[in-house]
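**Q** Please see the structure below; I have some questions.
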Amino acid sequence: QAGPMLLALGVSFTDWLLVSSPKWRGLVHYRALVNDDIFWIALRNSLYFAAVTVPLGIIIALGLALLLNRDWAGMGIFRTVFFMPALVSGVALALVWGWLFNPRFGAINSLLRALDLPAPSWLGDPSWAMPAIMLLSLFGIGGTMLIYLAGLQNIPRELYDAAKLDGAGWWAVTRHVTLPMISSVTFFLCVVGTIQALQLFTPTYVLTGGGPRNSTLTLPLYIYQNAFDYQRFGYASALTVVLLLLTLALTLAQLLL
């Protein structure tokens, strides 16, 4: 993995069209980033997406895991149903949700109209496009739920029995037993979730192309556009290095916290 990272770092100091030899440019691309308004929009969108979806996904996945951590009959079916969306291809999932978000005949707007509620344009509205992408991403939290479920089932039953003998209620048990015992799982999921959120690409590429008006443009998509649409491999590599450093900084911050 170090090879591609070092290659991207080296290319970021050059102009390279692949068909010709790279030309050394030094820090030109990094200086250009500072004055690139589109870069700052993409950076803001990526951080906005991560700041909303990571904690929200953690909360929803934990809630589902707590509900499904029962020995009731048929519980395995419910666990399978909630986990299955995580197995669907990202492109297929994006296409299905693109149909659901269709402002004219999509199922979501049809339901909203039936309830006499406003039916937004979703992916065609700059104010709603990113929330729509967030909703799509939260649909695939089955993997996170499954990891939480495994963590919950590894908590010794003796701790719950002792808490009940002390007269602790559901909330006290959850706060003082369950959450502390799965804190390492939560930390792992926060780190992995942040990395995945900063790498958001497929839904925005398939559904919006970064639009409307760059409202869903993320750093990975902007890197792709510069590399393969504009043939600016040096500038795209500089963006990649910035994304790597941003991911590293956020991961270290979570380690310190």
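Following the order of the structure tokens, chains are lettered A, B, ..., residues in each are numbered from 1, and ligands are numbered from 1.
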Give me the residues within 12 Å of range 35-37 of chain A as a list in words, counting only C-alpha atoms and dropping any in the same chain fewer than 4 places off.
**A**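 The neighbour list is Val28, His29, Tyr30, Arg31, Ile41, Ala42, Leu43, Arg44, Asn214, Tyr222, Tyr235 and Leu239 of chain A.
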**Q** To test your reading of the structure, identify every residue in range 3-197 of chain A that backbone DSSP assigns to strand (DSSP E or B), and report it as a ChimeraX atom specification.
**A** /A:14-15,23-24
**Q** Kindly save the residues from that selection, with all heavy atoms included, as a CSV table (one decimal), in the first residue's frame.
**A**
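The result, written out as part-v1.csv:
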```
chain,number,residue,atom,x,y,z
A,14,THR,N,4.3,17.2,-10.0
A,14,THR,CA,4.6,17.2,-11.4
A,14,THR,C,3.3,17.5,-12.2
A,14,THR,O,2.2,17.5,-11.7
A,14,THR,CB,5.2,15.9,-11.9
A,14,THR,OG1,4.1,14.9,-11.8
A,14,THR,CG2,6.4,15.5,-11.1
A,15,ASP,N,3.6,17.8,-13.5
A,15,ASP,CA,2.5,17.8,-14.5
A,15,ASP,C,2.7,16.5,-15.3
A,15,ASP,O,3.8,16.3,-15.9
A,15,ASP,CB,2.6,19.0,-15.4
A,15,ASP,CG,1.9,20.2,-14.8
A,15,ASP,OD1,1.0,20.0,-13.9
A,15,ASP,OD2,2.2,21.3,-15.2
A,23,LYS,N,6.7,16.4,-15.8
A,23,LYS,CA,7.5,17.6,-15.7
A,23,LYS,C,7.4,18.2,-14.3
A,23,LYS,O,6.3,18.4,-13.7
A,23,LYS,CB,7.0,18.7,-16.7
A,23,LYS,CG,7.1,18.2,-18.1
A,23,LYS,CD,6.5,19.3,-19.1
A,23,LYS,CE,6.6,18.9,-20.5
A,23,LYS,NZ,6.1,19.9,-21.4
A,24,TRP,N,8.5,18.4,-13.7
A,24,TRP,CA,8.6,18.9,-12.3
A,24,TRP,C,7.9,20.3,-12.1
A,24,TRP,O,8.3,21.2,-12.9
A,24,TRP,CB,10.0,18.9,-11.8
A,24,TRP,CG,10.1,19.3,-10.3
A,24,TRP,CD1,10.5,20.5,-9.9
A,24,TRP,CD2,9.9,18.5,-9.2
A,24,TRP,NE1,10.5,20.5,-8.5
A,24,TRP,CE2,10.1,19.2,-8.0
A,24,TRP,CE3,9.6,17.1,-9.0
A,24,TRP,CZ2,10.0,18.8,-6.8
A,24,TRP,CZ3,9.4,16.6,-7.7
A,24,TRP,CH2,9.7,17.4,-6.6
```
**Q** Show me a table, sorted first by chain and then by increasing residue number, of the residues of range 179-244 of chain A having an atom at most 12 Å from range 122-127 of chain A, each with its shortest atom pair and the distance in Å to one decimal, counting only C-alpha atoms and written as CSV.
**A**
```
residue,atom,partner,partner_atom,distance
A:Pro203,CA,A:Leu123,CA,10.9
A:Thr204,CA,A:Leu123,CA,9.7
A:Val206,CA,A:Leu123,CA,11.4
A:Leu207,CA,A:Leu123,CA,7.6
A:Thr208,CA,A:Leu123,CA,6.8
A:Gly209,CA,A:Leu123,CA,10.4
A:Gly210,CA,A:Leu123,CA,10.2
A:Gly211,CA,A:Pro126,CA,7.5
A:Pro212,CA,A:Pro126,CA,5.4
A:Arg213,CA,A:Pro126,CA,6.6
A:Asn214,CA,A:Pro126,CA,8.0
A:Ser215,CA,A:Pro126,CA,5.4
A:Thr216,CA,A:Pro126,CA,8.0
A:Leu217,CA,A:Pro126,CA,10.9
```
**Q** How would the residues just chosen look if you wrote them out with C-alpha atoms as a compact mmCIF listing (two decimals), in the first residue's frame?
**A**
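The new file part31.txt reads:
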```txt
# COMPACT_ATOMS: atom_id res chain seq x y z
CA PRO A 203 -23.71 7.70 -5.02
CA THR A 204 -22.59 11.18 -6.05
CA VAL A 206 -23.92 7.78 -10.28
CA LEU A 207 -26.80 10.05 -9.26
CA THR A 208 -25.67 13.67 -9.35
CA GLY A 209 -22.18 13.99 -10.80
CA GLY A 210 -21.49 16.43 -7.97
CA GLY A 211 -24.46 18.65 -8.76
CA PRO A 212 -26.70 20.46 -8.60
CA ARG A 213 -24.41 23.50 -8.28
CA ASN A 214 -21.67 21.40 -6.64
CA SER A 215 -23.91 20.67 -3.64
CA THR A 216 -22.88 16.98 -3.64
CA LEU A 217 -19.33 17.38 -4.93
```
**Q** Out of A:Leu179, A:Ile141, A:Ala129, A:Leu115, which residue has the shortest atom-to-atom distance to Gly193 in chain A when counting only C-alpha atoms?
**A**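 Going through A:Leu179, A:Ile141, A:Ala129, A:Leu115 one by one, the smallest distance to Gly193 in chain A is for A:Ile141.
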**Q** Got a sec: who's within 10 Å of Gln231 in chain A, counting only C-alpha atoms, leaving out chain neighbours fewer than 4 positions off, as a list in words?
**A**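 Within the cut-off, the hits are Asp15, Trp16, Leu17, Leu18, Tyr224, Gln225, Asn226, Ala227, Tyr235 and Ala236 of chain A.
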**Q** Based on the backbone DSSP call, show me all residues of range 180-235 of chain A assigned helix (DSSP H, G or I), as a PyMOL selection string.
**A** chain A and resi 180-181+183-198+202-208+219-229+233-235
**Q** If we count only C-alpha atoms and set the cut-off at 10 Å, which residues sit around range 241-251 of chain A, ignoring sequence neighbours fewer than 3 positions away in its own chain? Please answer as a JSON list (two decimals) with N, CA, C and O atoms, in the first residue's frame.
**A**
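The file below, around_23.json, is the result:
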```json
[["chain", "number", "residue", "atom", "x", "y", "z"],
["A", 5, "MET", "N", 0.80, 5.21, -2.48],
["A", 5, "MET", "CA", 0.81, 6.46, -1.72],
["A", 5, "MET", "C", 2.03, 7.30, -2.08],
["A", 5, "MET", "O", 1.92, 8.52, -2.29],
["A", 6, "LEU", "N", 3.19, 6.67, -2.15],
["A", 6, "LEU", "CA", 4.41, 7.40, -2.52],
["A", 6, "LEU", "C", 4.35, 7.88, -3.96],
["A", 6, "LEU", "O", 4.84, 8.98, -4.28],
["A", 8, "ALA", "N", 1.60, 8.71, -5.62],
["A", 8, "ALA", "CA", 0.69, 9.87, -5.65],
["A", 8, "ALA", "C", 1.40, 11.11, -5.12],
["A", 8, "ALA", "O", 1.24, 12.22, -5.66],
["A", 9, "LEU", "N", 2.21, 10.94, -4.07],
["A", 9, "LEU", "CA", 2.95, 12.08, -3.52],
["A", 9, "LEU", "C", 3.94, 12.61, -4.55],
["A", 9, "LEU", "O", 4.05, 13.83, -4.73],
["A", 10, "GLY", "N", 4.64, 11.72, -5.22],
["A", 10, "GLY", "CA", 5.60, 12.17, -6.22],
["A", 10, "GLY", "C", 4.93, 12.85, -7.41],
["A", 10, "GLY", "O", 5.39, 13.89, -7.88],
["A", 12, "SER", "N", 2.20, 14.43, -7.42],
["A", 12, "SER", "CA", 1.60, 15.71, -7.03],
["A", 12, "SER", "C", 2.55, 16.89, -7.24],
["A", 12, "SER", "O", 2.10, 18.04, -7.26],
["A", 30, "TYR", "N", -0.13, 22.58, -4.95],
["A", 30, "TYR", "CA", -0.58, 22.82, -3.58],
["A", 30, "TYR", "C", -0.92, 24.29, -3.36],
["A", 30, "TYR", "O", -1.85, 24.61, -2.61],
["A", 33, "LEU", "N", -4.34, 24.95, -4.77],
["A", 33, "LEU", "CA", -5.45, 24.50, -3.93],
["A", 33, "LEU", "C", -6.03, 25.62, -3.08],
["A", 33, "LEU", "O", -7.24, 25.71, -2.87],
["A", 43, "LEU", "N", -14.32, 20.07, -0.10],
["A", 43, "LEU", "CA", -13.86, 19.78, 1.26],
["A", 43, "LEU", "C", -14.98, 19.98, 2.27],
["A", 43, "LEU", "O", -15.20, 19.15, 3.16],
["A", 46, "SER", "N", -17.53, 17.14, 1.99],
["A", 46, "SER", "CA", -17.04, 15.89, 2.55],
["A", 46, "SER", "C", -17.11, 15.91, 4.08],
["A", 46, "SER", "O", -17.53, 14.94, 4.71],
["A", 47, "LEU", "N", -16.68, 17.02, 4.67],
["A", 47, "LEU", "CA", -16.72, 17.13, 6.13],
["A", 47, "LEU", "C", -18.17, 17.18, 6.65],
["A", 47, "LEU", "O", -18.48, 16.59, 7.69],
["A", 190, "CYS", "N", -16.34, 4.35, 14.77],
["A", 190, "CYS", "CA", -16.18, 5.78, 14.50],
["A", 190, "CYS", "C", -15.01, 6.02, 13.56],
["A", 190, "CYS", "O", -15.11, 6.82, 12.60],
["A", 191, "VAL", "N", -13.89, 5.35, 13.81],
["A", 191, "VAL", "CA", -12.71, 5.53, 12.96],
["A", 191, "VAL", "C", -13.00, 5.03, 11.54],
["A", 191, "VAL", "O", -12.76, 5.74, 10.55],
["A", 192, "VAL", "N", -13.51, 3.81, 11.43],
["A", 192, "VAL", "CA", -13.79, 3.24, 10.12],
["A", 192, "VAL", "C", -14.88, 4.03, 9.40],
["A", 192, "VAL", "O", -14.80, 4.28, 8.19],
["A", 194, "THR", "N", -15.62, 7.23, 9.72],
["A", 194, "THR", "CA", -15.08, 8.50, 9.26],
["A", 194, "THR", "C", -14.28, 8.32, 7.98],
["A", 194, "THR", "O", -14.40, 9.10, 7.03],
["A", 195, "ILE", "N", -13.45, 7.27, 7.94],
["A", 195, "ILE", "CA", -12.66, 7.00, 6.74],
["A", 195, "ILE", "C", -13.57, 6.72, 5.55],
["A", 195, "ILE", "O", -13.37, 7.25, 4.44],
["A", 196, "GLN", "N", -14.60, 5.91, 5.75],
["A", 196, "GLN", "CA", -15.53, 5.60, 4.67],
["A", 196, "GLN", "C", -16.31, 6.83, 4.22],
["A", 196, "GLN", "O", -16.56, 7.02, 3.02],
["A", 197, "ALA", "N", -16.70, 7.67, 5.17],
["A", 197, "ALA", "CA", -17.48, 8.87, 4.82],
["A", 197, "ALA", "C", -16.65, 9.84, 3.98],
["A", 197, "ALA", "O", -17.16, 10.45, 3.04],
["A", 198, "LEU", "N", -15.38, 9.97, 4.30],
["A", 198, "LEU", "CA", -14.51, 10.86, 3.52],
["A", 198, "LEU", "C", -14.22, 10.31, 2.13],
["A", 198, "LEU", "O", -13.75, 11.04, 1.26],
["A", 199, "GLN", "N", -14.49, 9.02, 1.91],
["A", 199, "GLN", "CA", -14.27, 8.40, 0.62],
["A", 199, "GLN", "C", -15.54, 8.30, -0.21],
["A", 199, "GLN", "O", -15.59, 7.56, -1.19],
["A", 219, "LEU", "N", -14.59, 15.38, -2.16],
["A", 219, "LEU", "CA", -13.19, 15.33, -2.55],
["A", 219, "LEU", "C", -12.85, 14.15, -3.46],
["A", 219, "LEU", "O", -12.17, 14.33, -4.47],
["A", 220, "PRO", "N", -13.30, 12.93, -3.16],
["A", 220, "PRO", "CA", -13.01, 11.82, -4.08],
["A", 220, "PRO", "C", -13.56, 12.05, -5.49],
["A", 220, "PRO", "O", -12.89, 11.73, -6.48],
["A", 223, "ILE", "N", -11.41, 14.62, -7.18],
["A", 223, "ILE", "CA", -10.15, 13.99, -7.60],
["A", 223, "ILE", "C", -10.36, 13.24, -8.91],
["A", 223, "ILE", "O", -9.55, 13.33, -9.84],
["A", 235, "TYR", "N", -2.48, 17.59, -10.35],
["A", 235, "TYR", "CA", -3.38, 18.28, -9.43],
["A", 235, "TYR", "C", -4.27, 17.27, -8.69],
["A", 235, "TYR", "O", -4.52, 17.42, -7.48],
["A", 236, "ALA", "N", -4.72, 16.23, -9.37],
["A", 236, "ALA", "CA", -5.53, 15.20, -8.73],
["A", 236, "ALA", "C", -4.71, 14.48, -7.65],
["A", 236, "ALA", "O", -5.24, 14.15, -6.58],
["A", 237, "SER", "N", -3.43, 14.27, -7.90],
["A", 237, "SER", "CA", -2.58, 13.63, -6.90],
["A", 237, "SER", "C", -2.40, 14.53, -5.68],
["A", 237, "SER", "O", -2.36, 14.05, -4.54],
["A", 238, "ALA", "N", -2.29, 15.84, -5.91],
["A", 238, "ALA", "CA", -2.20, 16.77, -4.78],
["A", 238, "ALA", "C", -3.47, 16.73, -3.95],
["A", 238, "ALA", "O", -3.42, 16.75, -2.71],
["A", 254, "GLN", "N", -9.34, 11.24, 16.85],
["A", 254, "GLN", "CA", -10.20, 10.27, 17.54],
["A", 254, "GLN", "C", -9.37, 9.38, 18.48],
["A", 254, "GLN", "O", -9.85, 8.99, 19.56],
["A", 255, "LEU", "N", -8.14, 9.05, 18.08],
["A", 255, "LEU", "CA", -7.28, 8.28, 18.96],
["A", 255, "LEU", "C", -6.97, 9.06, 20.25],
["A", 255, "LEU", "O", -6.97, 8.51, 21.35],
["A", 256, "LEU", "N", -6.73, 10.36, 20.11],
["A", 256, "LEU", "CA", -6.41, 11.19, 21.28],
["A", 256, "LEU", "C", -7.63, 11.37, 22.18],
["A", 256, "LEU", "O", -7.50, 11.47, 23.40],
["A", 257, "LEU", "N", -8.81, 11.39, 21.57],
["A", 257, "LEU", "CA", -10.03, 11.57, 22.36],
["A", 257, "LEU", "C", -10.50, 10.30, 23.02],
["A", 257, "LEU", "O", -11.42, 10.33, 23.84]]
```
**Q** Show which residues sit within 9 Å of Gly63 in chain A, as a list in words. Count only C-alpha atoms, and ignore same-chain residues fewer than 5 positions away.
**A**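 That gives Ile58, Leu68 and Met145 of chain A.
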**Q** Find the spatial neighbours of Val173 in chain A, counting only C-alpha atoms, within a cut-off of 12 Å - ignore same-chain residues fewer than 2 positions away - and output them as an MDAnalysis selection string.
**A** chainID A and resid 157 159:171 175:181
**Q** Taking only C-alpha atoms into account, name the residue in A:Ala51, A:Val185, A:Ala32, A:Ala119 that is nearest to Arg104 in chain A.
**A**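 That would be A:Ala119, the residue with the smallest distance to Arg104 in chain A.
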**Q** Could you jot down the CA of Gln153 in chain A to CA of Arg79 in chain A separation for me, Å, one decimal place?
**A** 13.6 Å
**Q** I want to know what sits within 8 Å of Thr53 in chain A, based on only C-alpha atoms, with residues of the same chain fewer than 5 positions away left out; could you give that as a ChimeraX atom specification?
**A** /A:134,137-138,197
**Q** Write the residues you've just listed into a file as a PDB file, in the first residue's frame, and include N, CA and C atoms for each of them.
**A**
```pdb
ATOM      1  N   MET A 134     -27.198  11.408   2.045  1.00  0.00           N
ATOM      2  CA  MET A 134     -27.015  10.923   3.422  1.00  0.00           C
ATOM      3  C   MET A 134     -28.021   9.836   3.761  1.00  0.00           C
ATOM      4  N   SER A 137     -26.992   6.630   2.175  1.00  0.00           N
ATOM      5  CA  SER A 137     -25.852   5.986   2.833  1.00  0.00           C
ATOM      6  C   SER A 137     -26.260   5.311   4.141  1.00  0.00           C
ATOM      7  N   LEU A 138     -27.217   5.892   4.855  1.00  0.00           N
ATOM      8  CA  LEU A 138     -27.655   5.311   6.126  1.00  0.00           C
ATOM      9  C   LEU A 138     -28.453   4.029   5.919  1.00  0.00           C
ATOM     10  N   ALA A 197     -16.704   7.671   5.169  1.00  0.00           N
ATOM     11  CA  ALA A 197     -17.475   8.868   4.820  1.00  0.00           C
ATOM     12  C   ALA A 197     -16.646   9.835   3.976  1.00  0.00           C
TER      13      ALA A 197
END
```
**Q** What is the distance between CA of Pro85 in chain A and CA of Asn102 in chain A, in Å to one decimal?
**A**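 So the answer is 20.2 Å.
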**Q** A:Val34, A:Leu146, A:Leu252, A:Ile182: which is nearest Val81 in chain A, counting only C-alpha atoms?
**A** A:Leu146
